[in-house]
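Participant: Take a look at the following structure, please.
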Amino acid sequence: MNDYELRKFVAPEFVFGYGAAGLAGRHARNLGASRCLVVSDHGVAAAGHTETVLATLREEGIACATFLGVSENPRDTEVMQGSELFRAEGCDAIVAVGGGSPMDCAKGIGIMVANGGHILDYEGVDAIPKPMPPLVCVPTTAGSSADVSQFAIIRDTPRRVKIAIVSKANVPDVALVDPLPTLTKPRDLTAATGLDALTHAVEAYASNAHSPVTDMFALEAIRGIGVALFDVLDNLHDRDARARMALGSMNAGLAFSNAILGAVHALSHSLGGMLDLPHGECNALLLPFVARRNFTAAPQRYRKVAEALGVADALSAPDDEVRDALFARLSDMRRRAGFDKGLAQYGVTREQLAELARMALEDPCLSTNPAPLGARELEELYAEAF
Amino acid sequence: MPKRSDELREKLIGLGQGSTRKSYYPELRERIQQLELFRALLESAGDGVLLLAADTLMVLDANGAACRFAGLPWEALTGRPLAAAFPELAGWKPHLTGLTERPPQDGPRDRAWPLADVLHATPPPSGPPPVGGEERRLIRQPAPGADLWLELALKRHDIGGTPYVSCIARDVSERLRAEEELRESERKYRALFEAANDAIFLIRDGLVRDANRRACELFGRPMDQLTSMAPRDLSPPVQPLGGPSPQQEGMRIAKALAGEPQFFEWTHLRADGTPFDCEISLSRFTLRGEPWLIAIIRDVTEQKKLREIMVQTEKMMSVGGVAAGMAHEINNPLSAIAQSAQNLQRRLAPGVRDNEAAALMSGVDLERVQHYFELRGLAKLVTNIREACGRAAEIVRHMLDFARRSDAERAECDLAALLDRAVELAENDYDLKKRHDFRNIRIVREYAPGTPPAECAATEIEQVLFNLLKNASQAISQKVYPEGEAPRIILRVGVQRGAPGMPGGADGVVGIGDGRADADYVRIEVEDNGPGIDERTRVRVFEPFFTTKPPGEGTGLGLSVSYFIISRNHGGHILVESQPGQWCRFTVLLPAARRAA
């Protein structure tokens with residue numbers, strides 16, 4: 001594979017930095033909003049972030065309707081409810097405030113409002129015919145990076161699967177990446193979202209669709225997150241450490257949105273869809289096993305990952321040593337972040353593994369995994385993480 | 001660092017107020033709003049608006065009014081051919097679709113809607129279908145209640161390379177109804193206008209612009225002649241009531257135009273130049289902002305004549321009363337004179353015992369006295385007294401007749417036969433024969449067939465008619481006839497419906513009796529072509545003792561007696577008209593006999 005093959009890089013207009021969230025009103029206005037649907041969730045609202053954004057919107061003379069009915073893994077039904085609210089309220093723009101869930105739900109609402117039908121109709125890649133109304137994302141977690149990505153992951157409740165809606169039309173118009181709202185994140189959420197961001201960066205870097213531009217963001221993200229995550233976990237009130245995490249997460253987002261992901265996400269989406277398990281924790285659990293499995297398919301890529309994470313002699317040691325060292329480092333980071341459960345402890349049974357694997361095989365993220373993996377390999381990976 | 005540079009830097013690094021990457025969304029939203037506004041306008045339009053595919057005439061979109069006209073919801077109206085919604089269009093292919101070579105053929109249509117025909121006159125196409133060309137059509141659309149009349153205007157458009165036809169459907173039912181009502185109203189008022197018994201002129205800018213049938217009759221002119229004339233052209237130069245016609249007319253018109261309705265008497269001229277009297281009511285009305293005058297012209301000739309008859313009757317009745325009273329008073333002394341004169345003669349006569357005895361006692365010889373009387377002509381004087389008394393008694397008898405109803409036998413008489421008998425009497429009358437050469441007068445009879453009889457006393461009427469003939473022949477004898485004209489009397493018998501006072505004469509209304517029982521009068525006219533009489537004479541002609549003859553030629557009672565015979569004894573009328581120097585006409589109207597139904 002050559003670095004100079006055709007590659008596209010899609011990113012939203014974004015503002016990064018302290019106070020970026022306060023620009024929501026201005027940008028919404030510039031995008032022509034007169035009546036916004038603000039999509040958020042109860043946790044974010046309780047932390048006061050939703051109200052902060054609403055105030056900036058009102059300041060610009062923009063009327064607002066608020067939709068807080070979003071679960072951790074946003075559901076098709078919630079998307080439908082939100083889009084009905086959008087229509088009923090006569091909205092003409094969407095502002096998402098929160099983590100991956102409200103942002104993905106907001107994207108779903110946008111798709112529905114513009115295209116009608118059912119949200120599940122738009123599953124897959126580039127399957128959205130009409131662009132959505134203006135979407136401004138104000139992330140309050142450093143992890144999902146839905147605010148910069150072309151991904152929207154929605155849970156198909158009847159089928160109990162997570163579907164991926166991947167489209168350039170999903171890229172928000174503006175992302176306002178403000179480290180300050182992340183200060184209120186509790187420790188568990190900080191750890192889970194941080195490891196999610198790390199997974200994004202690693203999978204993007206190892207992806208068979210990586211490019212020089214995505215590599216830049218991915219490596220920078222791995223390096224930054226590797227240090228910042230633990231600085232933050234040491235002191236949850238460390239503003240600059242939070243900012244480094246927010247930056248790392250954003251870099252990872254820019255990388256994976258364009259280089260796409262790999263098997264970790266395929267397996268994780270399957271778990272989230274079928275068992276409604278927390279996305280970040282699943283990624284953290286699966287990342288070491290997938291990296292070990294993929295290593296031989298892209299040794300140079302994983303050596304760089306290992307190097308970025310501070311593994312000694314990562315570029316010079318033999319493959320298997322580096323592979324094992326990387327596995328150990330990733331497992332260690334997960335433990336240090338406070339996660340040590342296996343799949344069984346999350347309530348998964350061995351009987352479910354084959355079905356989980358079968359569903360993971362359908363996930364579009366698998367197509368950019370550096371190693372081609374079949375259902376059996378995917379089941380083996382689940383087994384390893386059991 | 002100055003503030004301005006800060007702002008510039010902010011903007012450059014994308015943190016300015018307006019620093020958001022370009023988006024079509026606001027612009028699009030505005031356009032969408034415009035479209036929605038446009039749609040709302042379209043929906044609020046009273047006209048139906050339809051968008052059609054040019055090739056198939058399939059309805060692609062329609063507004064609320066169009067749905068209403070079609071009687072279909074939007075979902076049913078769209079996606080189907082236009083003819084499915086408007087059945088009258090079945091099989092029609094407007095040429096602007098490019099599908100036909102011929103203009104649309106129309107089926108039979110209700111003639112009550114003439115506008116339809118105008119609208120159907122679509123020019124035939126030439127060459128390729130015209131872009132932007134328009135086609136119109138009026139259709140009748142069934143609807144609950146009353147059918148709708150829709151005027152369709154189809155126009156071709158090419159939008160984004162696709163041909164479309166727009167169709168605007170306008171509900172013209174109301175308009176057509178209003179037009180029809182207007183026409184009806186126009187018909188109604190035209191009928192009123194034409195049926196009026198008065199002549200009516202509509203005048204603008206001093207000229208007659210419209211006139212009714214009666215006006216044409218009255219003026220004896222056709223419509224097109226009247227409508228280019230001014231009222232002054234229909235008047236004599238000078239009005240008998242004073243002032244030159246144009247000046248009087250100008251004054252009346254100016255006042256009427258100023259909003260002061262005028263009512264006045266006027267004399268107009270018929271086409272043949274004969275004047276007639278009328279009453280004119282002149283008032284203003286406004287038509288399309290322009291001042292018009294309406295002149296209602298009532299011919300009062302008949303009315304005037306009626307008035308004259310009434311005045312005459314009243315005068316005659318009073319004169320008659322006076323005359324009869326006088327006659328009655330005169331009668332007694334007159335009788336005494338006559339009686340005395342008779343006694344005088346008798347007491348002078350010889351061979352009468354009392355006379356002989358008185359003479360003997362007086363020592364007078366009667367024979368000698370007689371002789372003296374002879375010598376002095378006294379006997380003749382006494383005879384004269386007696387004769388004069390007789391004449392006076394005759395006059396008194398006539399005068400008494402004025403006030404006395406005749407008790408002569410009444411019977412249904414054929415007036416033509418009576419008239420003929422009167423002519424026969426006149427022909428055999430010694431006086432007429434000798435002095436007036438009656439046999440040299442040509443008698444022209446114009447008897448209308450089927451004239452009903454009148455109930456009358458035959459001898460009285462005969463006397464009246466004889467009087468009239470005698471008058472006529474006496475008048476004729478007063479005139480020196482020019483070359484080519486000969487004495488003649490025209491006798492007419494006919495009927496008259498309606499009040500007396502209608503103009504008579506050969507071209508008058510002497511109706512042809514048709515045997516119908518509804519004639520009001522039997523009309524007899526005696527017209528001579530003698531010297532005629534002037535107006536002053538005319539109004540007095542029936543007065544007792546009024547005469548134009550030299551003294552001794554007549555008593556002046558003939559026409560008076562005739563008058564009372566006709567008017568009082570028979571409830572009829574006797575009238576006289578004359579054109580001095582030309583003719584004189586007496587008209588007798590007798591109530592026609594009412595036949596038992």
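Every chain in the structure tokens has a letter given in the order shown (A, B, ...), and although residue numbers restart at 1 in each chain, ligands are simply numbered from 1 in the order shown.
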As a list in words, could you give me every residue of chain B near chain A (at most 10 Å apart, counting only C-alpha atoms)?

Facilitator: Gly14, Leu15, Gly16, Gln17, Gly18, Ser19, Thr20, Arg21, Lys22, Ser23, Tyr24, Tyr25, Pro26, Glu27, Leu28, Arg29 and Glu30 of chain B

Participant: Just want the 8 Å neighbourhood of His279 of chain A, counted on only C-alpha atoms, with same-chain residues fewer than 6 positions away dropped. Output as a JSON list (two decimals) with N, CA and C atoms, in the first residue's frame.

Facilitator:
```
[["chain", "number", "residue", "atom", "x", "y", "z"],
["A", 73, "ASN", "N", -26.77, 4.06, 24.70],
["A", 73, "ASN", "CA", -26.64, 3.64, 23.31],
["A", 73, "ASN", "C", -27.91, 4.13, 22.61],
["A", 196, "ASP", "N", -11.88, 4.93, 24.98],
["A", 196, "ASP", "CA", -12.60, 4.92, 23.69],
["A", 196, "ASP", "C", -11.81, 5.75, 22.68],
["A", 268, "SER", "N", -17.31, -4.48, 19.35],
["A", 268, "SER", "CA", -17.91, -3.65, 20.38],
["A", 268, "SER", "C", -19.34, -3.26, 20.02],
["A", 269, "HIS", "N", -19.55, -2.87, 18.73],
["A", 269, "HIS", "CA", -20.91, -2.52, 18.29],
["A", 269, "HIS", "C", -21.85, -3.68, 18.48],
["A", 272, "GLY", "N", -22.73, -3.87, 22.15],
["A", 272, "GLY", "CA", -23.61, -2.75, 22.52],
["A", 272, "GLY", "C", -25.01, -2.98, 22.00]]
```

Participant: Gly532 of chain B: which residues within 10 Å, counting only C-alpha atoms, same-chain residues fewer than 4 positions away excluded, as a list of chain:residue names?

Facilitator: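 Contacts, in chain order: B:Ala472, B:Ala475, B:Ile476, B:Gln478, B:Lys479, B:Glu527, B:Asp528, B:Thr537, B:Arg538, B:Glu577, B:Ser578, B:Gln579, B:Pro580, B:Gly581, B:Gln582, B:Trp583, B:Cys584, B:Arg585.
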
Participant: What are the DSSP alpha helix (DSSP H) residues of segment 161-355 of chain B, as number ranges by chain?

Facilitator: B: 173-195, 213-219, 223-226, 245-257, 301-348, 353-355

Participant: Give me the residues within 10 Å of Arg435 of chain B as an NGL selection string, counting only C-alpha atoms and dropping any in the same chain fewer than 5 places off.

Facilitator: :B and (430 or 473-474 or 477)

Participant: Could you jot down the atom CA of Phe264 of chain B to atom CA of Gly243 of chain B separation for me, Å, one decimal place?

Facilitator: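 Between atom CA of Phe264 of chain B and atom CA of Gly243 of chain B the gap is 13.5 Å.
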
Participant: Write out as a PyMOL selection string which residues come within 12 Å of Ala83 of chain B when counting only C-alpha atoms, dropping same-chain ones fewer than 2 positions away.

Facilitator: chain B and resi 52+56-59+70+77-81+85-94+139+141

Participant: Just write the chosen residues, N, CA and C atoms, as an mmCIF file, in the first residue's frame.

Facilitator:
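In the end it all went to again.cif:
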```cif
data_model
loop_
_atom_site.group_PDB
_atom_site.id
_atom_site.type_symbol
_atom_site.label_atom_id
_atom_site.label_comp_id
_atom_site.auth_asym_id
_atom_site.auth_seq_id
_atom_site.Cartn_x
_atom_site.Cartn_y
_atom_site.Cartn_z
ATOM 1 N N LEU B 52 -49.419 20.941 -15.263
ATOM 2 C CA LEU B 52 -49.626 19.719 -16.032
ATOM 3 C C LEU B 52 -48.348 19.351 -16.766
ATOM 4 N N THR B 56 -48.576 14.750 -21.600
ATOM 5 C CA THR B 56 -49.690 13.863 -21.262
ATOM 6 C C THR B 56 -50.877 14.599 -20.657
ATOM 7 N N LEU B 57 -50.686 15.867 -20.355
ATOM 8 C CA LEU B 57 -51.701 16.648 -19.641
ATOM 9 C C LEU B 57 -52.049 16.004 -18.292
ATOM 10 N N MET B 58 -51.060 15.341 -17.718
ATOM 11 C CA MET B 58 -51.226 14.746 -16.394
ATOM 12 C C MET B 58 -51.114 15.868 -15.352
ATOM 13 N N VAL B 59 -51.978 15.840 -14.386
ATOM 14 C CA VAL B 59 -51.928 16.876 -13.345
ATOM 15 C C VAL B 59 -50.775 16.560 -12.394
ATOM 16 N N ALA B 70 -62.609 20.663 -9.149
ATOM 17 C CA ALA B 70 -62.642 19.285 -9.650
ATOM 18 C C ALA B 70 -63.487 18.408 -8.741
ATOM 19 N N LEU B 77 -56.613 14.218 -7.423
ATOM 20 C CA LEU B 77 -56.529 15.090 -8.601
ATOM 21 C C LEU B 77 -55.173 14.935 -9.289
ATOM 22 N N THR B 78 -54.122 14.847 -8.483
ATOM 23 C CA THR B 78 -52.783 14.784 -9.063
ATOM 24 C C THR B 78 -52.484 13.359 -9.498
ATOM 25 N N GLY B 79 -51.609 13.275 -10.490
ATOM 26 C CA GLY B 79 -51.225 11.957 -10.989
ATOM 27 C C GLY B 79 -52.245 11.391 -11.961
ATOM 28 N N ARG B 80 -53.265 12.163 -12.300
ATOM 29 C CA ARG B 80 -54.259 11.686 -13.268
ATOM 30 C C ARG B 80 -54.398 12.727 -14.381
ATOM 31 N N PRO B 81 -54.917 12.285 -15.520
ATOM 32 C CA PRO B 81 -55.047 13.253 -16.620
ATOM 33 C C PRO B 81 -56.057 14.347 -16.270
ATOM 34 N N ALA B 85 -60.482 14.958 -14.202
ATOM 35 C CA ALA B 85 -61.078 15.898 -13.252
ATOM 36 C C ALA B 85 -62.118 16.777 -13.934
ATOM 37 N N PHE B 86 -61.888 17.071 -15.213
ATOM 38 C CA PHE B 86 -62.798 17.957 -15.939
ATOM 39 C C PHE B 86 -63.324 17.197 -17.153
ATOM 40 N N PRO B 87 -64.416 16.476 -16.960
ATOM 41 C CA PRO B 87 -64.870 15.522 -17.983
ATOM 42 C C PRO B 87 -65.111 16.162 -19.347
ATOM 43 N N GLU B 88 -65.429 17.439 -19.376
ATOM 44 C CA GLU B 88 -65.723 18.046 -20.672
ATOM 45 C C GLU B 88 -64.473 18.129 -21.561
ATOM 46 N N LEU B 89 -63.324 17.931 -20.946
ATOM 47 C CA LEU B 89 -62.078 18.017 -21.718
ATOM 48 C C LEU B 89 -61.683 16.674 -22.312
ATOM 49 N N ALA B 90 -62.510 15.650 -22.099
ATOM 50 C CA ALA B 90 -62.163 14.318 -22.587
ATOM 51 C C ALA B 90 -61.877 14.383 -24.080
ATOM 52 N N GLY B 91 -60.750 13.845 -24.459
ATOM 53 C CA GLY B 91 -60.399 13.787 -25.878
ATOM 54 C C GLY B 91 -59.801 15.068 -26.423
ATOM 55 N N TRP B 92 -59.766 16.081 -25.597
ATOM 56 C CA TRP B 92 -59.236 17.365 -26.072
ATOM 57 C C TRP B 92 -57.728 17.391 -25.971
ATOM 58 N N LYS B 93 -57.116 17.863 -27.037
ATOM 59 C CA LYS B 93 -55.660 18.005 -26.993
ATOM 60 C C LYS B 93 -55.323 19.422 -27.401
ATOM 61 N N PRO B 94 -55.007 20.258 -26.455
ATOM 62 C CA PRO B 94 -54.690 21.635 -26.825
ATOM 63 C C PRO B 94 -53.472 21.660 -27.726
ATOM 64 N N ILE B 139 -65.428 25.740 -20.068
ATOM 65 C CA ILE B 139 -66.057 24.431 -19.892
ATOM 66 C C ILE B 139 -67.123 24.516 -18.824
ATOM 67 N N GLN B 141 -68.545 22.572 -15.748
ATOM 68 C CA GLN B 141 -68.060 21.555 -14.827
ATOM 69 C C GLN B 141 -69.186 21.172 -13.881
#
```

Participant: Please measure the separation of atom CA of Leu309 of chain A and atom CA of Arg292 of chain A, giving the value in Å to one decimal.

Facilitator: 15.0 Å

Participant: Excluding same-chain residues fewer than 4 positions from Asp240 of chain A, what lies within 10 Å of it counting only C-alpha atoms, as a list in words?

Facilitator: Tyr18, Pro179, Leu180, Ala228, Asp231, Val232, Arg244, Met245 and Ala246 of chain A

Participant: Just N, CA, C and O atoms for this one: save the residues we selected as a PDB file, in the first residue's frame.

Facilitator:
```pdb
ATOM      1  N   TYR A  18     -10.800  26.579  25.476  1.00  0.00           N
ATOM      2  CA  TYR A  18     -11.645  26.953  26.607  1.00  0.00           C
ATOM      3  C   TYR A  18     -12.708  27.943  26.147  1.00  0.00           C
ATOM      4  O   TYR A  18     -12.397  28.949  25.526  1.00  0.00           O
ATOM      5  N   PRO A 179     -12.835  22.084  26.381  1.00  0.00           N
ATOM      6  CA  PRO A 179     -12.397  21.166  27.461  1.00  0.00           C
ATOM      7  C   PRO A 179     -13.165  21.394  28.754  1.00  0.00           C
ATOM      8  O   PRO A 179     -13.296  20.477  29.561  1.00  0.00           O
ATOM      9  N   LEU A 180     -13.689  22.614  28.962  1.00  0.00           N
ATOM     10  CA  LEU A 180     -14.260  22.939  30.275  1.00  0.00           C
ATOM     11  C   LEU A 180     -15.422  22.040  30.683  1.00  0.00           C
ATOM     12  O   LEU A 180     -15.485  21.593  31.833  1.00  0.00           O
ATOM     13  N   ALA A 228      -2.079  12.033  28.977  1.00  0.00           N
ATOM     14  CA  ALA A 228      -3.104  12.918  29.545  1.00  0.00           C
ATOM     15  C   ALA A 228      -4.148  12.152  30.321  1.00  0.00           C
ATOM     16  O   ALA A 228      -4.638  12.611  31.357  1.00  0.00           O
ATOM     17  N   ASP A 231      -2.954  11.648  33.710  1.00  0.00           N
ATOM     18  CA  ASP A 231      -2.867  12.923  34.433  1.00  0.00           C
ATOM     19  C   ASP A 231      -4.257  13.330  34.924  1.00  0.00           C
ATOM     20  O   ASP A 231      -4.424  13.776  36.058  1.00  0.00           O
ATOM     21  N   VAL A 232      -5.242  13.153  34.038  1.00  0.00           N
ATOM     22  CA  VAL A 232      -6.612  13.532  34.408  1.00  0.00           C
ATOM     23  C   VAL A 232      -7.122  12.629  35.530  1.00  0.00           C
ATOM     24  O   VAL A 232      -7.730  13.085  36.495  1.00  0.00           O
ATOM     25  N   ARG A 244      -5.870  18.541  27.239  1.00  0.00           N
ATOM     26  CA  ARG A 244      -5.049  17.633  26.425  1.00  0.00           C
ATOM     27  C   ARG A 244      -5.857  16.397  26.035  1.00  0.00           C
ATOM     28  O   ARG A 244      -5.733  15.877  24.926  1.00  0.00           O
ATOM     29  N   MET A 245      -6.704  15.934  26.954  1.00  0.00           N
ATOM     30  CA  MET A 245      -7.570  14.802  26.633  1.00  0.00           C
ATOM     31  C   MET A 245      -8.565  15.186  25.517  1.00  0.00           C
ATOM     32  O   MET A 245      -8.807  14.418  24.578  1.00  0.00           O
ATOM     33  N   ALA A 246      -9.125  16.383  25.660  1.00  0.00           N
ATOM     34  CA  ALA A 246     -10.105  16.832  24.655  1.00  0.00           C
ATOM     35  C   ALA A 246      -9.445  16.938  23.293  1.00  0.00           C
ATOM     36  O   ALA A 246     -10.006  16.521  22.264  1.00  0.00           O
TER      37      ALA A 246
END
```

Participant: Excluding Ser101 of chain A and residues on its chain fewer than 6 positions from it, collect all residues at most 7 Å away from it, counting only C-alpha atoms, and give them as a ChimeraX atom specification.

Facilitator: /A:70-74

Participant: Quick one: DSSP strand (DSSP E) residues in segment 390-581 of chain B, as an MDAnalysis selection string?

Facilitator: chainID B and resid 411:413 442:447 454:456 488:496 521:528 573:579

Participant: Keeping only N, CA and C atoms, write those residues as a compact mmCIF listing (two decimals), in the first residue's frame.

Facilitator:
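File produced: again.txt:
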```txt
# COMPACT_ATOMS: atom_id res chain seq x y z
N ALA B 411 -134.35 53.52 -31.47
CA ALA B 411 -134.19 52.19 -32.08
C ALA B 411 -132.75 52.06 -32.56
N GLU B 412 -132.31 50.85 -32.76
CA GLU B 412 -130.96 50.65 -33.30
C GLU B 412 -130.99 51.04 -34.76
N CYS B 413 -130.17 52.00 -35.09
CA CYS B 413 -130.19 52.50 -36.46
C CYS B 413 -128.87 52.28 -37.15
N ARG B 442 -119.81 66.86 -55.33
CA ARG B 442 -119.50 65.43 -55.39
C ARG B 442 -119.57 64.86 -53.96
N ILE B 443 -120.32 63.81 -53.81
CA ILE B 443 -120.43 63.18 -52.50
C ILE B 443 -119.54 61.94 -52.48
N VAL B 444 -118.60 61.93 -51.58
CA VAL B 444 -117.68 60.78 -51.48
C VAL B 444 -118.05 60.01 -50.21
N ARG B 445 -118.32 58.74 -50.36
CA ARG B 445 -118.71 57.95 -49.20
C ARG B 445 -117.56 57.03 -48.78
N GLU B 446 -117.14 57.16 -47.58
CA GLU B 446 -116.10 56.24 -47.03
C GLU B 446 -116.72 55.55 -45.83
N TYR B 447 -117.49 54.54 -46.12
CA TYR B 447 -118.17 53.83 -45.04
C TYR B 447 -117.37 52.58 -44.70
N ALA B 454 -126.15 52.20 -33.89
CA ALA B 454 -126.22 53.01 -32.68
C ALA B 454 -127.68 53.14 -32.31
N GLU B 455 -127.92 53.22 -31.03
CA GLU B 455 -129.32 53.36 -30.60
C GLU B 455 -129.66 54.85 -30.59
N CYS B 456 -130.62 55.22 -31.41
CA CYS B 456 -130.93 56.64 -31.49
C CYS B 456 -132.34 56.87 -32.04
N ARG B 488 -116.74 69.13 -52.98
CA ARG B 488 -117.06 67.75 -52.61
C ARG B 488 -117.26 67.65 -51.10
N ILE B 489 -118.03 66.68 -50.77
CA ILE B 489 -118.26 66.40 -49.36
C ILE B 489 -117.88 64.94 -49.14
N ILE B 490 -117.06 64.71 -48.11
CA ILE B 490 -116.71 63.33 -47.79
C ILE B 490 -117.55 62.91 -46.60
N LEU B 491 -118.18 61.77 -46.75
CA LEU B 491 -118.98 61.23 -45.65
C LEU B 491 -118.29 59.96 -45.16
N ARG B 492 -118.06 59.92 -43.84
CA ARG B 492 -117.38 58.73 -43.31
C ARG B 492 -118.24 58.14 -42.19
N VAL B 493 -118.28 56.85 -42.18
CA VAL B 493 -118.93 56.16 -41.06
C VAL B 493 -117.96 55.07 -40.60
N GLY B 494 -117.72 55.01 -39.32
CA GLY B 494 -116.80 53.98 -38.79
C GLY B 494 -117.00 53.84 -37.29
N VAL B 495 -116.05 53.20 -36.66
CA VAL B 495 -116.17 53.06 -35.21
C VAL B 495 -114.99 53.74 -34.55
N GLN B 496 -115.14 54.00 -33.29
CA GLN B 496 -114.01 54.52 -32.52
C GLN B 496 -113.95 53.80 -31.19
N TYR B 521 -117.79 54.03 -29.82
CA TYR B 521 -118.64 54.98 -30.54
C TYR B 521 -118.76 54.57 -32.00
N VAL B 522 -119.93 54.98 -32.57
CA VAL B 522 -120.02 55.00 -34.03
C VAL B 522 -119.70 56.43 -34.42
N ARG B 523 -118.87 56.52 -35.43
CA ARG B 523 -118.35 57.84 -35.76
C ARG B 523 -118.81 58.22 -37.16
N ILE B 524 -119.40 59.40 -37.26
CA ILE B 524 -119.85 59.88 -38.57
C ILE B 524 -119.13 61.21 -38.81
N GLU B 525 -118.56 61.30 -39.98
CA GLU B 525 -117.88 62.55 -40.30
C GLU B 525 -118.49 63.14 -41.57
N VAL B 526 -118.65 64.44 -41.54
CA VAL B 526 -119.09 65.16 -42.73
C VAL B 526 -118.02 66.21 -42.98
N GLU B 527 -117.29 66.02 -44.06
CA GLU B 527 -116.16 66.92 -44.31
C GLU B 527 -116.34 67.60 -45.67
N ASP B 528 -116.34 68.91 -45.63
CA ASP B 528 -116.44 69.62 -46.91
C ASP B 528 -115.12 70.27 -47.23
N HIS B 573 -121.17 62.96 -28.93
CA HIS B 573 -120.37 64.18 -29.05
C HIS B 573 -120.46 64.67 -30.46
N ILE B 574 -120.39 65.97 -30.59
CA ILE B 574 -120.27 66.54 -31.93
C ILE B 574 -119.10 67.52 -31.89
N LEU B 575 -118.18 67.33 -32.82
CA LEU B 575 -116.94 68.11 -32.79
C LEU B 575 -116.75 68.75 -34.15
N VAL B 576 -115.96 69.82 -34.17
CA VAL B 576 -115.66 70.41 -35.46
C VAL B 576 -114.16 70.68 -35.52
N GLU B 577 -113.59 70.38 -36.68
CA GLU B 577 -112.18 70.68 -36.92
C GLU B 577 -112.11 71.36 -38.28
N SER B 578 -111.10 72.15 -38.44
CA SER B 578 -111.01 72.82 -39.74
C SER B 578 -109.58 73.23 -40.04
N GLN B 579 -109.26 73.20 -41.31
CA GLN B 579 -108.03 73.81 -41.80
C GLN B 579 -108.53 74.97 -42.66
```

Participant: Taking only C-alpha atoms into account, name the residue in A:Leu353, A:Val79, A:Cys282, A:Leu275 that is nearest to Val113 of chain A.

Facilitator: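 Ranking A:Leu353, A:Val79, A:Cys282, A:Leu275 by distance to Val113 of chain A, first place goes to A:Val79.
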
Participant: Have a look at A:Ala142, A:Ala169, A:Ile222, A:Met359 and name the one nearest to Ala243 of chain A; count only C-alpha atoms.

Facilitator: A:Ala142
